[in-house]
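Participant: Coordinates in my_file12.cif, mmCIF, C-alpha atoms, are listed below.
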data_coords
#
loop_
_atom_site.label_atom_id
_atom_site.label_comp_id
_atom_site.auth_asym_id
_atom_site.auth_seq_id
_atom_site.Cartn_x
_atom_site.Cartn_y
_atom_site.Cartn_z
CA MET J 1 0.00 0.00 0.00
CA ASP J 2 1.47 3.35 -1.02
CA LEU J 3 1.65 6.44 1.19
CA ILE J 4 -1.24 8.23 -0.55
CA THR J 5 -3.58 5.25 -0.14
CA ARG J 6 -2.65 4.86 3.54
CA THR J 7 -3.11 8.60 4.16
CA LEU J 8 -6.51 8.68 2.45
CA GLY J 9 -7.60 5.62 4.43
CA ALA J 10 -6.51 7.22 7.70
CA LEU J 11 -8.34 10.44 6.84
CA ALA J 12 -11.53 8.49 6.10
CA ILE J 13 -11.29 6.76 9.48
CA VAL J 14 -10.76 10.09 11.26
CA ALA J 15 -13.69 11.66 9.39
CA ALA J 16 -15.96 8.74 10.27
CA ALA J 17 -14.91 8.90 13.91
CA THR J 18 -15.53 12.64 14.21
CA THR J 19 -18.88 12.78 12.39
CA GLY J 20 -20.37 9.36 13.07
CA VAL J 21 -20.65 8.89 9.30
CA VAL J 22 -19.40 5.95 7.28
CA ALA J 23 -19.98 7.23 3.77
CA GLY J 24 -20.48 3.97 1.83
CA ASP J 25 -23.07 2.58 4.23
CA ASP J 26 -24.82 5.94 4.58
CA ALA J 27 -25.00 6.42 0.81
CA THR J 28 -26.70 3.05 0.43
CA GLN J 29 -29.14 3.84 3.23
CA LEU J 30 -29.90 7.28 1.79
CA LEU J 31 -30.49 5.92 -1.71
CA ASP J 32 -32.54 2.84 -0.83
CA TYR J 33 -34.66 4.12 2.05
CA GLU J 34 -38.33 4.52 1.15
CA LEU J 35 -39.40 8.05 2.01
CA ALA J 36 -42.94 9.43 2.24
CA ARG J 37 -43.42 12.65 0.28
CA ILE J 38 -45.47 15.31 2.02
CA ASP J 39 -48.26 14.47 -0.47
CA GLY J 40 -48.19 10.81 0.66
CA GLU J 41 -46.40 9.30 -2.37
CA SER J 42 -43.38 7.06 -1.74
CA HIS J 43 -39.98 7.80 -3.18
CA THR J 44 -36.39 6.60 -2.95
CA LEU J 45 -33.48 8.87 -3.70
CA ALA J 46 -32.12 6.12 -5.98
CA ALA J 47 -34.82 7.29 -8.42
CA ASP J 48 -32.87 10.56 -8.73
CA ALA J 49 -29.81 8.80 -10.19
CA GLY J 50 -27.82 11.06 -12.47
CA GLU J 51 -28.69 14.18 -10.49
CA VAL J 52 -26.90 15.93 -7.65
CA VAL J 53 -29.10 15.56 -4.57
CA VAL J 54 -28.86 17.74 -1.47
CA VAL J 55 -30.49 15.83 1.40
CA ASN J 56 -31.38 18.08 4.33
CA PHE J 57 -32.69 16.75 7.64
CA TRP J 58 -34.72 19.33 9.57
CA ALA J 59 -37.38 19.74 12.25
CA SER J 60 -39.97 22.41 12.97
CA TRP J 61 -38.58 22.84 16.52
CA CYS J 62 -35.03 23.55 15.25
CA PRO J 63 -34.48 27.32 14.66
CA PRO J 64 -31.30 26.88 12.54
CA CYS J 65 -33.18 24.38 10.35
CA LEU J 66 -35.99 26.84 9.76
CA GLU J 67 -33.50 29.60 8.95
CA GLU J 68 -31.76 27.63 6.21
CA LEU J 69 -34.79 26.04 4.51
CA PRO J 70 -35.77 29.16 2.51
CA THR J 71 -32.20 29.33 1.14
CA LEU J 72 -32.28 25.65 0.21
CA ASP J 73 -35.70 26.20 -1.40
CA ALA J 74 -34.31 29.03 -3.57
CA TRP J 75 -31.36 26.86 -4.58
CA HIS J 76 -33.72 24.00 -5.45
CA ASP J 77 -35.55 26.33 -7.85
CA GLU J 78 -32.26 27.54 -9.33
CA TRP J 79 -30.66 24.11 -9.68
CA SER J 80 -33.62 21.96 -10.76
CA SER J 81 -33.17 22.81 -14.45
CA ARG J 82 -29.42 22.11 -14.18
CA GLY J 83 -29.59 18.58 -12.74
CA ALA J 84 -29.70 19.10 -8.98
CA ARG J 85 -32.48 18.98 -6.39
CA VAL J 86 -32.97 19.47 -2.69
CA ALA J 87 -34.75 16.79 -0.65
CA ALA J 88 -35.80 18.12 2.77
CA ILE J 89 -36.66 15.38 5.25
CA SER J 90 -38.59 16.36 8.37
CA ILE J 91 -37.79 14.38 11.48
CA ASP J 92 -40.74 15.86 13.38
CA ARG J 93 -42.64 13.35 15.50
CA ASP J 94 -45.83 15.34 14.84
CA GLU J 95 -46.20 15.64 11.06
CA ARG J 96 -48.78 18.43 11.49
CA LYS J 97 -46.07 20.78 12.75
CA ALA J 98 -43.92 20.14 9.69
CA ARG J 99 -46.92 20.58 7.38
CA ARG J 100 -47.86 23.88 9.07
CA PHE J 101 -44.35 25.24 8.59
CA VAL J 102 -44.31 24.20 4.93
CA GLU J 103 -47.73 25.77 4.29
CA LYS J 104 -46.78 28.98 6.10
CA THR J 105 -43.53 29.43 4.16
CA GLY J 106 -44.65 28.07 0.78
CA LEU J 107 -41.58 25.89 0.34
CA ASP J 108 -41.38 24.25 -3.08
CA LEU J 109 -38.47 21.85 -2.66
CA ASP J 110 -38.92 18.08 -2.42
CA LEU J 111 -40.41 17.54 1.05
CA TYR J 112 -40.58 14.28 2.97
CA LEU J 113 -41.98 13.28 6.36
CA ASP J 114 -40.00 10.60 8.16
CA GLY J 115 -40.09 11.25 11.90
CA PRO J 116 -37.28 10.82 14.42
CA ASP J 117 -37.23 7.02 14.29
CA GLY J 118 -36.75 6.61 10.54
CA LEU J 119 -33.78 7.35 8.34
CA ALA J 120 -32.36 9.95 10.74
CA ARG J 121 -32.05 7.28 13.43
CA GLU J 122 -30.59 4.74 10.99
CA LEU J 123 -27.94 7.26 9.94
CA ASP J 124 -27.35 8.37 13.53
CA LEU J 125 -27.22 11.98 12.41
CA PRO J 126 -24.22 13.77 13.90
CA PHE J 127 -26.05 17.13 14.10
CA LEU J 128 -29.25 18.98 13.17
CA PRO J 129 -29.71 20.45 10.70
CA CYS J 130 -27.68 17.89 8.80
CA THR J 131 -27.11 18.08 5.07
CA TYR J 132 -25.66 15.43 2.79
CA VAL J 133 -24.63 16.19 -0.79
CA LEU J 134 -24.80 13.22 -3.13
CA ASP J 135 -23.06 13.39 -6.50
CA GLN J 136 -24.56 12.15 -9.76
CA ASP J 137 -23.43 8.59 -8.91
CA GLY J 138 -25.14 8.64 -5.51
CA GLU J 139 -21.90 8.97 -3.55
CA ILE J 140 -21.74 11.23 -0.50
CA VAL J 141 -19.32 14.06 -1.23
CA LEU J 142 -20.17 16.35 1.68
CA VAL J 143 -21.77 16.16 5.11
CA SER J 144 -22.56 19.56 6.57
CA GLY J 145 -23.94 20.52 9.95
CA GLY J 146 -25.47 23.74 11.08
CA SER J 147 -26.87 26.62 9.13
CA THR J 148 -24.07 29.14 9.34
CA GLU J 149 -23.26 31.16 6.24
CA GLN J 150 -19.99 29.23 5.96
CA GLU J 151 -21.71 25.84 6.01
CA LEU J 152 -24.36 26.92 3.52
CA GLU J 153 -21.61 28.28 1.28
CA ARG J 154 -19.78 24.93 1.47
CA VAL J 155 -22.96 23.19 0.30
CA ARG J 156 -23.52 25.69 -2.51
CA ARG J 157 -19.89 25.50 -3.73
CA THR J 158 -19.96 21.70 -3.65
CA VAL J 159 -23.16 21.49 -5.70
CA GLU J 160 -22.01 24.17 -8.16
CA GLY J 161 -18.71 22.31 -8.60
CA LEU J 162 -20.52 19.05 -9.33
CA LEU J 163 -22.85 20.75 -11.80
CA ASP J 164 -19.94 22.54 -13.50
CA SER J 165 -17.94 19.32 -13.80
CA ASN J 166 -20.97 17.53 -15.22
CA ALA J 167 -21.50 20.35 -17.77
CA GLY J 168 -17.82 20.11 -18.73
CA ASP J 169 -18.14 16.34 -19.21
CA ALA J 170 -21.23 16.79 -21.40
CA ALA J 171 -19.43 19.35 -23.59
CA ARG J 172 -16.66 16.88 -24.44
#
Once you've parsed the file, please lay out its structure as structure tokens.
Facilitator:
Amino acid sequence: MDLITRTLGALAIVAAATTGVVAGDDATQLLDYELARIDGESHTLAADAGEVVVVNFWASWCPPCLEELPTLDAWHDEWSSRGARVAAISIDRDERKARRFVEKTGLDLDLYLDGPDGLARELDLPFLPCTYVLDQDGEIVLVSGGSTEQELERVRRTVEGLLDSNAGDAAR
């Protein structure tokens, strides 16, 4: 094993230990888990193959979550024609609270209701809000926590980079 391979392996172990995330397992769980859309239809993120997917876990009782959702909603509108989408998964125990927030704000991104004992528990989220960015192949390329301007900017730059690289590939 060469030095680069050993270093990358060690970094992956450190990242998993500090965030509670093991990317390969989490990507499979994220893609294959059956989610309930806010309209009641079922959906798996695997159906979005070929697109960049921003998966945001939120709750109506989480002020930072509520602060960042309008930004994510605007990005969803901007990116949807370019091959990216935002999937916002509520972990509220009481779905009515999540529905009220969505109705009040008029969010238009892909909304799912999953509760605290669903996918969030399976992934053992390291923080809330918690955002995963999946590339066009369904691989996790970023896990972001919190709704600070810096964290939101990391998400935006990551998605824009993936979209730009995909556009460059298509032009060849």
Participant: Assuming the chain letters and numbering stay as they are in my file, what does the PyMOL selection byres ((chain J and resi 134-137) around 7) actually select? List them as a ChimeraX atom specification.
Facilitator: /J:49-54,132-133,138-141,162
Participant: How would you write, as a list in words, the residues chosen by the PyMOL selection byres ((chain J and resi 120) around 10) on this structure?
Facilitator: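 Output from the PyMOL selection byres ((chain J and resi 120) around 10), applied to this file: Leu30, Phe57, Trp58, Ile89, Ser90, Ile91, Asp114, Gly115, Pro116, Asp117, Gly118, Leu119, Arg121, Glu122, Leu123, Asp124, Leu125, Pro126, Leu128 and Cys130 of chain J.
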Participant: Could you expand the PyMOL selection byres ((chain J and resi 152) around 12) into the explicit residues it covers here, written as a PyMOL selection string?
Facilitator: chain J and resi 54+56+64-65+67-72+75+129-133+142-151+153-159
Participant: Report, in Å with one decimal, the straight-line distance from CA of Gly106 (chain J) to CA of Asp94 (chain J).
Facilitator: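 So the two atoms, CA of Gly106 (chain J) and CA of Asp94 (chain J), lie 19.0 Å apart.
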Participant: Which is closest to Glu103 (chain J) among J:Ile38, J:Asp32, J:Leu163, J:His76, if we use only C-alpha atoms?
Facilitator: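 Of J:Ile38, J:Asp32, J:Leu163, J:His76, the one nearest Glu103 (chain J), counting only C-alpha atoms, is J:Ile38.
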Participant: Take CA of Asp77 (chain J) and CA of Glu160 (chain J) and report the distance between them in Å, one decimal.
Facilitator: 13.7 Å
Participant: Could you tell me how far CA of Leu109 (chain J) sits from CA of Ala88 (chain J), in Å to one decimal place?
Facilitator: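 Calculated distance between CA of Ala88 (chain J) and CA of Leu109 (chain J) is 7.1 Å.
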Participant: Tell me which of J:Ala87, J:Gly161, J:Trp79, J:Arg99 sits closest to Leu35 (chain J), counting only C-alpha atoms.
Facilitator: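 Counting only C-alpha atoms, the residue closest to Leu35 (chain J) is J:Ala87.
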Participant: I'd like the contact shell of Ser42 (chain J) - 10 Å cut-off, only C-alpha atoms, skipping same-chain residues fewer than 5 positions apart - returned as an MDAnalysis selection string.
Facilitator: chainID J and resid 33:37 112
Participant: For the selection you just gave me, I'd like the residues written to a file as a PDB file, keeping the file's coordinate frame, keeping C-alpha atoms.
Facilitator:
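And here's again.pdb as it stands now:
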ATOM      1  CA  TYR J  33     -34.660   4.120   2.050  1.00  0.00           C
ATOM      2  CA  GLU J  34     -38.330   4.520   1.150  1.00  0.00           C
ATOM      3  CA  LEU J  35     -39.400   8.050   2.010  1.00  0.00           C
ATOM      4  CA  ALA J  36     -42.940   9.430   2.240  1.00  0.00           C
ATOM      5  CA  ARG J  37     -43.420  12.650   0.280  1.00  0.00           C
ATOM      6  CA  TYR J 112     -40.580  14.280   2.970  1.00  0.00           C
TER       7      TYR J 112
END
Participant: List as number ranges by chain the residues having at least one atom at most 6 Å from position (-35.2, 14.3, -2.6) as given in the file, counting all atoms listed in the file.
Facilitator: J: 45, 86-87, 110
